[in-house]
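Take a look at the structure set out below.
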Amino acid sequence: MQDLLKLAGQLNKKITDAMTRLQIAKKLNELDTNNKEINEPAFWSNVDHATNVMKRQSQLEEAINPWIALQNNVIDAIELIKLDDNSLFDDLSKQIAVYEMTYAKLRGQLRFAGVYDNYDAIVSIYAGAGGTDAQDWAQMLMRMYIRWAEDHEFRASMIEESIGEEAGIKSATFEVSGDHIYGRLKGEHGVHRLVRLSPYNADNLRQTSFAKIEILPKIDKPDVIYIDEKDIKIDVFRSGGRGGQSVNTTDSAVRVTHLATGIVIVIQNERSQLQNKDTAMTLLRSKLAQLQIEQHKVNLRELKGPIKSAEWGNQIRNYVLHPYKQVKDLRTKYETSDTDAVLNGNIDQFIDRYLDHTIGNETVTS
């Protein structure tokens with residue numbers, strides 16, 4: 001019975017650690033607060049608000065109840081094991097095995113345990129070292145992510161795009177909306193390296209190109225990330241564009257600078273100055289949220305601007321098209337030789353491996 005007691009104790013610890021990471025205690029407090037509001041006589045006077053509260057209650061209960069039930073069952077089993085009654089051994093062994101399987105299923109929730117994992121995402125792509133090849137590579141990556149979104153019936157909408165002089169793009173920013181988009185894509189954040197025979201080289205030599213992918217949670221509500229007006233500088237200027245076609249000729253372009261981090265956001269795609277400002281502030285809040293995640297800071301004024309450049313040594317994934325075909329993630333070590341499928345949007349294999357890898361690492365250190 002002692003071995004079974006040890007096994008049950010280990011399972012209970014894993015459940016407790018998972019519940020801590022999933023902030024079950026905080027969710028229980030929110031559930032209690034919402035229940036008190038629901039019981040107020042005037043609760044349904046604001047139908048939209050009441051509907052949102054009820055929807056949130058359903059989400060909370062769905063997230064909380066299975067974990068509470070599982071932990072209670074395991075604790076009850078531990079108490080029975082402590083009775084040291086050998087006649088109960090077979091039944092208790094079967095129960096613990098069932099609880100282990102239940103935990104394994106629930107553990108998948110840890111993949112999206114981050115504070116912003118249920119948010120939509122803002123994806124920015126920047127061409128790095130490699131000249132025209134890098135700009136072409138940036139456009140290939142943009143196509144890859146948009147194809148991935150389309151395959152899952154997620155919505156992708158362009159925010160800004162800067163076209164390269166000869167080919168490809170210098171940069172692009174677009175929004176992806178759907179279920180847990182930031183949670184799914186957060187592992188794509190980093191430098192991506194391409195090795196291939198260059199179509200832009202007269203000698204058709206092998207070329208290494210880099211592009212940086214920035215994945216941000218879309219923070220469009222000011223109360224989520226509060227930014228003091230004293231910490232930003234806003235400039236308005238005349239929009240511009242290539243060739244003068246469809247160019248906004250009013251002073252509607254907006255540049256927002258966050259003084260503490262030096263982050264600069266420039267938006268000029270909308271006709272309205274107010275729309276451009278709103279978009280710029282959403283991007284700024286999103287960048288600050290990402291920096292908070294990376295730097296573990298609470299005070300926005302303590303944040304430092306990102307410094308990682310898109311060049312050799314910083315990459316998270318290699319895409320090799322010559323002399324052999326391979327896409328390899330340098331963090332999870334997962335690789336595939338089906339490069340065409342990956343570049344056509346089949347990146348779930350990398351997303352899943354990264355999320356599972358993250359769960360494993362965090363569970364060990366928690």
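Lettering and numbering for the structure tokens are positional, with chains as A, B, ... in the shown order, residues counted from 1 in each chain, and ligands counted from 1 in the shown order.
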query: Which parts of region 67-267 of chain A does DSSP call alpha helix (DSSP H) when run on the backbone here, written out as a PyMOL selection string?
result: chain A and resi 67-81+89-106+131-151+181-185
Residues near Gly190 (chain A), anyone? I mean within 7 Å using only C-alpha atoms, not counting same-chain ones fewer than 6 positions away, as a PDB file with C-alpha atoms, in the first residue's frame.
```pdb
ATOM      1  CA  LYS A 212      12.046  38.161 -37.374  1.00  0.00           C
ATOM      2  CA  ILE A 213       8.562  37.142 -36.302  1.00  0.00           C
ATOM      3  CA  GLU A 214       6.918  39.117 -33.524  1.00  0.00           C
ATOM      4  CA  GLN A 315      17.195  31.984 -34.729  1.00  0.00           C
ATOM      5  CA  ILE A 316      14.587  29.658 -33.225  1.00  0.00           C
TER       6      ILE A 316
END
```
Excluding same-chain residues fewer than 3 positions from Thr336 (chain A), what lies within 8 Å of it counting only C-alpha atoms, as a compact mmCIF listing (two decimals) with N, CA and C atoms, in the first residue's frame?
```
# COMPACT_ATOMS: atom_id res chain seq x y z
N GLN A 326 14.88 20.36 -44.98
CA GLN A 326 14.60 20.13 -43.56
C GLN A 326 14.15 21.43 -42.90
N VAL A 327 13.14 21.31 -42.07
CA VAL A 327 12.75 22.40 -41.17
C VAL A 327 12.95 21.87 -39.76
N LYS A 328 13.75 22.58 -38.96
CA LYS A 328 14.07 22.12 -37.62
C LYS A 328 13.91 23.23 -36.60
N THR A 339 9.32 20.25 -46.38
CA THR A 339 9.42 21.71 -46.32
C THR A 339 8.27 22.39 -47.07
```
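Each of A:Glu229, A:Asp3, A:Asp340, A:Glu30 was compared to Phe89 (chain A) using only C-alpha atoms, and A:Asp3 turns out to be the nearest.
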message: as a list of chain:residue names, please: the residues near Ile227 (chain A) (cut-off 10 Å, only C-alpha atoms, same-chain neighbours under 4 positions excluded).
response: A:Pro222, A:Asp223, A:Asp231, A:Ile232, A:His258, A:Met281, A:Leu284, A:Arg285, A:Leu288, A:Leu300, A:Arg301
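With only C-alpha atoms as the atoms that count, the residue of A:Arg147, A:Ile265, A:Val224, A:Ala121 with the shortest distance to Phe174 (chain A) is A:Ala121.
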